[in-house]
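J.: Structure below; questions to follow.
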Amino acid sequence: MNTFSKFCVAVISLALVIQPAASKADAKADAARYGKQALEAAKKKDWPTAIENYKKAIEADPKDAKTYIYLGLAYRSSGNMEDAIKSFTGAIEAAPKDMDGYLQRASTYLTQEKYDLAIADTSDVIKQNPTNALAHRYRGYAYLKKQDWNHALEDYDAVLKQGHDDREPLVRRAFVLMQLKQNDKAIADYSEIIKKNPKDVEALLARSYLYEAKGDFAKGIEDCDKVLSLEPDNADAASRKKRLQTKQKQATPAPSASATPPAKPR
């Protein structure tokens with residue numbers, strides 16, 4: 001092989017190496033461009049345009065799991081839950097160890113009231129990361145809706161143990177504790193909510209109900225009074241207060257007829 005032939009072979013070999021790399025770079029650039037256009041459309045809530053561009057971005061770069069997530073979110077925002085599920089499944093297939101696809105699909109299953117499927121996805125997440133608070137929240141809610149109180153309690157305990165003590169897990173754990181007849185613990189959760197927000201009408205009413213169940217009518221009336229000071233027309237608080245006052249009177253023993261009358265003052 002002469003020098004010229006060797007040169008041609010070298011050029012062709014180099015081109016074969018460069019071309020796939022260049023094509024890959026072009027595909028990445030196209031995906032980024034379509035992704036940017038999709039994001040701009042999503043900001044305007046123009047879901048059809050956002051979906052179209054995210055689909056083009058996936059065609060350009062089928063291995064980018066994040067784009068499947070964004071496409072799924074666009075579908076979900078447009079009300080198309082089935083295609084959202086397919087997109088989140090695509091994200092899982094593209095990146096099986098990335099938890100976002102499982103969590104987003106589980107969230108969509110919850111919207112569809114497909115609680116067993118949501119439990120399956122969140123359980124997969126928890127197997128890989130037992131401290132994933134969002135997975136415990138989602139699974140706890142699914143168990144709550146299935147009235148599986150003990151499993152729901154375990155998940156909400158896990159969320160709160162990690163310091164995620166915002167209102168949602170406290171309210172839901174308190175509700176679960178009520179179903180399990182653990183009223184003192186439920187009162188403690190509602191009290192924590194009220195401590196953070198003394199104007200939380202829902203928590204005050206729920207706690208007044210628990211006080212009524214315990215027979216602590218005075219505290220129940222006190223909570224109803226707090227609600228009525230915030231919402232004077234709250235019919236639930238007014239009727240409950242009246243009922244509590246009646247029960248309080250019935251629980252108060254009448255003076256004995258044989259009791260010794262008080263001595264006359266001198």
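FYI, nothing fancy with the structure tokens labels: chains A, B, ... in order, residues from 1 per chain, ligands from 1 as they appear.
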Contacts of range 123-137 of chain A at 9 Å or less, counting only C-alpha atoms, minus same-chain residues fewer than 6 places along, as a ChimeraX atom specification?

T.: /A:97,99,102-103,106,152,154-156,158-160,162,164,169

J.: When DSSP is applied to the backbone of this structure, which of range 74-142 of chain A are assigned helix (DSSP H, G or I)? Write them out as a PDB file with N, CA and C atoms, in the first residue's frame.

T.:
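Generated file (out_13.pdb):
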```pdb
ATOM      1  N   ALA A  74     -46.205  17.058  32.008  1.00  0.00           N
ATOM      2  CA  ALA A  74     -47.019  17.830  31.066  1.00  0.00           C
ATOM      3  C   ALA A  74     -48.318  17.091  30.756  1.00  0.00           C
ATOM      4  N   TYR A  75     -48.218  15.790  30.533  1.00  0.00           N
ATOM      5  CA  TYR A  75     -49.422  14.995  30.288  1.00  0.00           C
ATOM      6  C   TYR A  75     -50.365  15.072  31.500  1.00  0.00           C
ATOM      7  N   ARG A  76     -49.776  14.927  32.702  1.00  0.00           N
ATOM      8  CA  ARG A  76     -50.604  14.943  33.917  1.00  0.00           C
ATOM      9  C   ARG A  76     -51.280  16.293  34.101  1.00  0.00           C
ATOM     10  N   SER A  77     -50.549  17.362  33.821  1.00  0.00           N
ATOM     11  CA  SER A  77     -51.126  18.705  33.949  1.00  0.00           C
ATOM     12  C   SER A  77     -52.252  18.927  32.948  1.00  0.00           C
ATOM     13  N   MET A  81     -53.860  11.162  32.197  1.00  0.00           N
ATOM     14  CA  MET A  81     -53.159  10.349  33.188  1.00  0.00           C
ATOM     15  C   MET A  81     -52.533   9.097  32.582  1.00  0.00           C
ATOM     16  N   GLU A  82     -53.196   8.500  31.618  1.00  0.00           N
ATOM     17  CA  GLU A  82     -52.674   7.262  31.035  1.00  0.00           C
ATOM     18  C   GLU A  82     -51.342   7.494  30.326  1.00  0.00           C
ATOM     19  N   ASP A  83     -51.255   8.566  29.536  1.00  0.00           N
ATOM     20  CA  ASP A  83     -49.990   8.854  28.863  1.00  0.00           C
ATOM     21  C   ASP A  83     -48.935   9.343  29.853  1.00  0.00           C
ATOM     22  N   ALA A  84     -49.380   9.963  30.941  1.00  0.00           N
ATOM     23  CA  ALA A  84     -48.437  10.339  31.999  1.00  0.00           C
ATOM     24  C   ALA A  84     -47.796   9.094  32.588  1.00  0.00           C
ATOM     25  N   ILE A  85     -48.618   8.073  32.856  1.00  0.00           N
ATOM     26  CA  ILE A  85     -48.102   6.808  33.386  1.00  0.00           C
ATOM     27  C   ILE A  85     -47.084   6.208  32.419  1.00  0.00           C
ATOM     28  N   LYS A  86     -47.402   6.213  31.128  1.00  0.00           N
ATOM     29  CA  LYS A  86     -46.481   5.653  30.130  1.00  0.00           C
ATOM     30  C   LYS A  86     -45.157   6.416  30.124  1.00  0.00           C
ATOM     31  N   SER A  87     -45.224   7.717  30.262  1.00  0.00           N
ATOM     32  CA  SER A  87     -44.005   8.529  30.259  1.00  0.00           C
ATOM     33  C   SER A  87     -43.152   8.245  31.496  1.00  0.00           C
ATOM     34  N   PHE A  88     -43.792   8.142  32.661  1.00  0.00           N
ATOM     35  CA  PHE A  88     -43.029   7.838  33.876  1.00  0.00           C
ATOM     36  C   PHE A  88     -42.440   6.427  33.808  1.00  0.00           C
ATOM     37  N   THR A  89     -43.162   5.512  33.157  1.00  0.00           N
ATOM     38  CA  THR A  89     -42.624   4.169  32.941  1.00  0.00           C
ATOM     39  C   THR A  89     -41.394   4.240  32.042  1.00  0.00           C
ATOM     40  N   GLY A  90     -41.441   5.110  31.029  1.00  0.00           N
ATOM     41  CA  GLY A  90     -40.283   5.318  30.157  1.00  0.00           C
ATOM     42  C   GLY A  90     -39.083   5.825  30.944  1.00  0.00           C
ATOM     43  N   ALA A  91     -39.333   6.711  31.914  1.00  0.00           N
ATOM     44  CA  ALA A  91     -38.246   7.224  32.761  1.00  0.00           C
ATOM     45  C   ALA A  91     -37.630   6.095  33.581  1.00  0.00           C
ATOM     46  N   ILE A  92     -38.472   5.206  34.103  1.00  0.00           N
ATOM     47  CA  ILE A  92     -37.981   4.072  34.900  1.00  0.00           C
ATOM     48  C   ILE A  92     -37.143   3.143  34.036  1.00  0.00           C
ATOM     49  N   GLU A  93     -37.589   2.907  32.818  1.00  0.00           N
ATOM     50  CA  GLU A  93     -36.842   2.030  31.905  1.00  0.00           C
ATOM     51  C   GLU A  93     -35.510   2.656  31.509  1.00  0.00           C
ATOM     52  N   ALA A  94     -35.502   3.976  31.352  1.00  0.00           N
ATOM     53  CA  ALA A  94     -34.265   4.659  30.967  1.00  0.00           C
ATOM     54  C   ALA A  94     -33.265   4.727  32.116  1.00  0.00           C
ATOM     55  N   MET A  99     -35.111   7.225  41.383  1.00  0.00           N
ATOM     56  CA  MET A  99     -36.391   7.079  42.074  1.00  0.00           C
ATOM     57  C   MET A  99     -37.480   8.017  41.552  1.00  0.00           C
ATOM     58  N   ASP A 100     -37.116   9.055  40.815  1.00  0.00           N
ATOM     59  CA  ASP A 100     -38.111  10.050  40.380  1.00  0.00           C
ATOM     60  C   ASP A 100     -39.243   9.422  39.576  1.00  0.00           C
ATOM     61  N   GLY A 101     -38.901   8.517  38.673  1.00  0.00           N
ATOM     62  CA  GLY A 101     -39.927   7.889  37.845  1.00  0.00           C
ATOM     63  C   GLY A 101     -40.931   7.107  38.673  1.00  0.00           C
ATOM     64  N   TYR A 102     -40.435   6.350  39.658  1.00  0.00           N
ATOM     65  CA  TYR A 102     -41.321   5.579  40.540  1.00  0.00           C
ATOM     66  C   TYR A 102     -42.236   6.502  41.342  1.00  0.00           C
ATOM     67  N   LEU A 103     -41.653   7.589  41.881  1.00  0.00           N
ATOM     68  CA  LEU A 103     -42.439   8.490  42.725  1.00  0.00           C
ATOM     69  C   LEU A 103     -43.496   9.237  41.927  1.00  0.00           C
ATOM     70  N   GLN A 104     -43.136   9.686  40.737  1.00  0.00           N
ATOM     71  CA  GLN A 104     -44.113  10.396  39.912  1.00  0.00           C
ATOM     72  C   GLN A 104     -45.208   9.452  39.430  1.00  0.00           C
ATOM     73  N   ARG A 105     -44.842   8.228  39.105  1.00  0.00           N
ATOM     74  CA  ARG A 105     -45.873   7.269  38.684  1.00  0.00           C
ATOM     75  C   ARG A 105     -46.785   6.929  39.860  1.00  0.00           C
ATOM     76  N   ALA A 106     -46.193   6.779  41.050  1.00  0.00           N
ATOM     77  CA  ALA A 106     -46.999   6.507  42.239  1.00  0.00           C
ATOM     78  C   ALA A 106     -47.960   7.649  42.521  1.00  0.00           C
ATOM     79  N   SER A 107     -47.484   8.885  42.385  1.00  0.00           N
ATOM     80  CA  SER A 107     -48.345  10.051  42.598  1.00  0.00           C
ATOM     81  C   SER A 107     -49.526  10.046  41.636  1.00  0.00           C
ATOM     82  N   THR A 108     -49.262   9.644  40.400  1.00  0.00           N
ATOM     83  CA  THR A 108     -50.336   9.590  39.401  1.00  0.00           C
ATOM     84  C   THR A 108     -51.312   8.463  39.719  1.00  0.00           C
ATOM     85  N   TYR A 109     -50.787   7.336  40.170  1.00  0.00           N
ATOM     86  CA  TYR A 109     -51.678   6.235  40.584  1.00  0.00           C
ATOM     87  C   TYR A 109     -52.585   6.680  41.735  1.00  0.00           C
ATOM     88  N   LEU A 110     -52.055   7.484  42.656  1.00  0.00           N
ATOM     89  CA  LEU A 110     -52.892   7.983  43.753  1.00  0.00           C
ATOM     90  C   LEU A 110     -54.027   8.847  43.210  1.00  0.00           C
ATOM     91  N   THR A 111     -53.709   9.687  42.228  1.00  0.00           N
ATOM     92  CA  THR A 111     -54.739  10.516  41.602  1.00  0.00           C
ATOM     93  C   THR A 111     -55.822   9.652  40.966  1.00  0.00           C
ATOM     94  N   TYR A 115     -54.587   2.416  44.368  1.00  0.00           N
ATOM     95  CA  TYR A 115     -53.751   2.438  45.570  1.00  0.00           C
ATOM     96  C   TYR A 115     -52.763   1.284  45.644  1.00  0.00           C
ATOM     97  N   ASP A 116     -53.142   0.113  45.169  1.00  0.00           N
ATOM     98  CA  ASP A 116     -52.220  -1.023  45.218  1.00  0.00           C
ATOM     99  C   ASP A 116     -51.001  -0.773  44.321  1.00  0.00           C
ATOM    100  N   LEU A 117     -51.218  -0.175  43.163  1.00  0.00           N
ATOM    101  CA  LEU A 117     -50.100   0.128  42.262  1.00  0.00           C
ATOM    102  C   LEU A 117     -49.195   1.198  42.874  1.00  0.00           C
ATOM    103  N   ALA A 118     -49.806   2.173  43.541  1.00  0.00           N
ATOM    104  CA  ALA A 118     -49.016   3.214  44.216  1.00  0.00           C
ATOM    105  C   ALA A 118     -48.170   2.600  45.334  1.00  0.00           C
ATOM    106  N   ILE A 119     -48.758   1.662  46.061  1.00  0.00           N
ATOM    107  CA  ILE A 119     -48.029   0.987  47.142  1.00  0.00           C
ATOM    108  C   ILE A 119     -46.850   0.200  46.569  1.00  0.00           C
ATOM    109  N   ALA A 120     -47.065  -0.457  45.433  1.00  0.00           N
ATOM    110  CA  ALA A 120     -45.984  -1.242  44.811  1.00  0.00           C
ATOM    111  C   ALA A 120     -44.811  -0.344  44.415  1.00  0.00           C
ATOM    112  N   ASP A 121     -45.105   0.800  43.789  1.00  0.00           N
ATOM    113  CA  ASP A 121     -44.029   1.701  43.358  1.00  0.00           C
ATOM    114  C   ASP A 121     -43.286   2.303  44.543  1.00  0.00           C
ATOM    115  N   THR A 122     -44.029   2.759  45.532  1.00  0.00           N
ATOM    116  CA  THR A 122     -43.373   3.382  46.687  1.00  0.00           C
ATOM    117  C   THR A 122     -42.598   2.351  47.508  1.00  0.00           C
ATOM    118  N   SER A 123     -43.074   1.130  47.529  1.00  0.00           N
ATOM    119  CA  SER A 123     -42.342   0.075  48.234  1.00  0.00           C
ATOM    120  C   SER A 123     -41.009  -0.203  47.552  1.00  0.00           C
ATOM    121  N   ASP A 124     -40.979  -0.135  46.214  1.00  0.00           N
ATOM    122  CA  ASP A 124     -39.717  -0.289  45.487  1.00  0.00           C
ATOM    123  C   ASP A 124     -38.729   0.809  45.875  1.00  0.00           C
ATOM    124  N   VAL A 125     -39.244   2.023  46.015  1.00  0.00           N
ATOM    125  CA  VAL A 125     -38.385   3.142  46.419  1.00  0.00           C
ATOM    126  C   VAL A 125     -37.847   2.920  47.833  1.00  0.00           C
ATOM    127  N   ILE A 126     -38.724   2.512  48.739  1.00  0.00           N
ATOM    128  CA  ILE A 126     -38.344   2.344  50.143  1.00  0.00           C
ATOM    129  C   ILE A 126     -37.338   1.203  50.309  1.00  0.00           C
ATOM    130  N   LYS A 127     -37.440   0.181  49.458  1.00  0.00           N
ATOM    131  CA  LYS A 127     -36.451  -0.903  49.501  1.00  0.00           C
ATOM    132  C   LYS A 127     -35.054  -0.367  49.215  1.00  0.00           C
ATOM    133  N   GLN A 128     -34.963   0.564  48.263  1.00  0.00           N
ATOM    134  CA  GLN A 128     -33.661   1.124  47.905  1.00  0.00           C
ATOM    135  C   GLN A 128     -33.234   2.236  48.859  1.00  0.00           C
ATOM    136  N   ALA A 133     -38.687  10.097  52.558  1.00  0.00           N
ATOM    137  CA  ALA A 133     -39.896  10.585  53.221  1.00  0.00           C
ATOM    138  C   ALA A 133     -41.079  10.689  52.262  1.00  0.00           C
ATOM    139  N   LEU A 134     -40.814  11.099  51.021  1.00  0.00           N
ATOM    140  CA  LEU A 134     -41.911  11.253  50.062  1.00  0.00           C
ATOM    141  C   LEU A 134     -42.552   9.905  49.749  1.00  0.00           C
ATOM    142  N   ALA A 135     -41.741   8.877  49.628  1.00  0.00           N
ATOM    143  CA  ALA A 135     -42.285   7.540  49.379  1.00  0.00           C
ATOM    144  C   ALA A 135     -43.156   7.089  50.548  1.00  0.00           C
ATOM    145  N   HIS A 136     -42.703   7.361  51.770  1.00  0.00           N
ATOM    146  CA  HIS A 136     -43.513   7.002  52.946  1.00  0.00           C
ATOM    147  C   HIS A 136     -44.818   7.806  52.980  1.00  0.00           C
ATOM    148  N   ARG A 137     -44.759   9.079  52.596  1.00  0.00           N
ATOM    149  CA  ARG A 137     -45.984   9.894  52.544  1.00  0.00           C
ATOM    150  C   ARG A 137     -46.991   9.295  51.571  1.00  0.00           C
ATOM    151  N   TYR A 138     -46.512   8.997  50.362  1.00  0.00           N
ATOM    152  CA  TYR A 138     -47.409   8.472  49.334  1.00  0.00           C
ATOM    153  C   TYR A 138     -47.978   7.116  49.753  1.00  0.00           C
ATOM    154  N   ARG A 139     -47.097   6.253  50.270  1.00  0.00           N
ATOM    155  CA  ARG A 139     -47.572   4.916  50.641  1.00  0.00           C
ATOM    156  C   ARG A 139     -48.508   4.998  51.842  1.00  0.00           C
ATOM    157  N   GLY A 140     -48.178   5.885  52.798  1.00  0.00           N
ATOM    158  CA  GLY A 140     -49.057   6.058  53.947  1.00  0.00           C
ATOM    159  C   GLY A 140     -50.451   6.496  53.534  1.00  0.00           C
ATOM    160  N   TYR A 141     -50.505   7.406  52.561  1.00  0.00           N
ATOM    161  CA  TYR A 141     -51.804   7.888  52.091  1.00  0.00           C
ATOM    162  C   TYR A 141     -52.571   6.761  51.391  1.00  0.00           C
ATOM    163  N   ALA A 142     -51.856   5.952  50.601  1.00  0.00           N
ATOM    164  CA  ALA A 142     -52.521   4.832  49.923  1.00  0.00           C
ATOM    165  C   ALA A 142     -53.085   3.848  50.942  1.00  0.00           C
TER     166      ALA A 142
END
```

J.: Find, counting only C-alpha atoms, the residue in A:Glu231, A:Glu192, A:Glu40, A:Asp98 that gets nearest to Lys66 in chain A.

T.: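 Between A:Glu231, A:Glu192, A:Glu40, A:Asp98, the residue approaching Lys66 in chain A most closely is A:Asp98.
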
J.: Got a sec: who's within 8 Å of Gly220 in chain A, counting only C-alpha atoms, leaving out chain neighbours fewer than 4 positions off, as a PyMOL selection string?

T.: chain A and resi 207-212+216+224+241+244

J.: Give me the residues within 12 Å of Asp189 in chain A as a PyMOL selection string, counting only C-alpha atoms and dropping any in the same chain fewer than 5 places off.

T.: chain A and resi 156-157+160+165-178+182-184+194-196+203-204+206-207+210

J.: Identify which of the residues A:Gly163, A:Pro96, A:Gly72, A:Pro198 lies closest to Lys55 in chain A, counting only C-alpha atoms when measuring atom-to-atom distances.

T.: A:Gly72

J.: Choose the residue, out of A:Thr246, A:Asp61, A:Leu153, A:Lys45, that has the smallest atom-to-atom separation from Lys185 in chain A; count only C-alpha atoms.

T.: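 Checking each candidate against Lys185 in chain A, we get A:Leu153 as the closest.
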
J.: Got a sec: who's within 8 Å of Ala57 in chain A, counting only C-alpha atoms, leaving out chain neighbours fewer than 6 positions off, as a list in words?

T.: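 Surrounding residues, per the criterion: Asp30, Ala31, Ala32, Arg33, Tyr34, Gly35 and Thr67 of chain A.
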
J.: Of the residues A:Asn150, A:Tyr54, A:Asp46, A:Ile221, which is the one nearest to Ser239 in chain A, using only C-alpha atoms?

T.: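 Using only C-alpha atoms, the shortest distance to Ser239 in chain A belongs to A:Ile221.
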
J.: Of the residues A:Ile193, A:Ala50, A:Ala95, A:Val201, which is the one nearest to Ala65 in chain A, using only C-alpha atoms?

T.: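 Looking only at the distances to Ala65 in chain A, the closest residue turns out to be A:Ala95.
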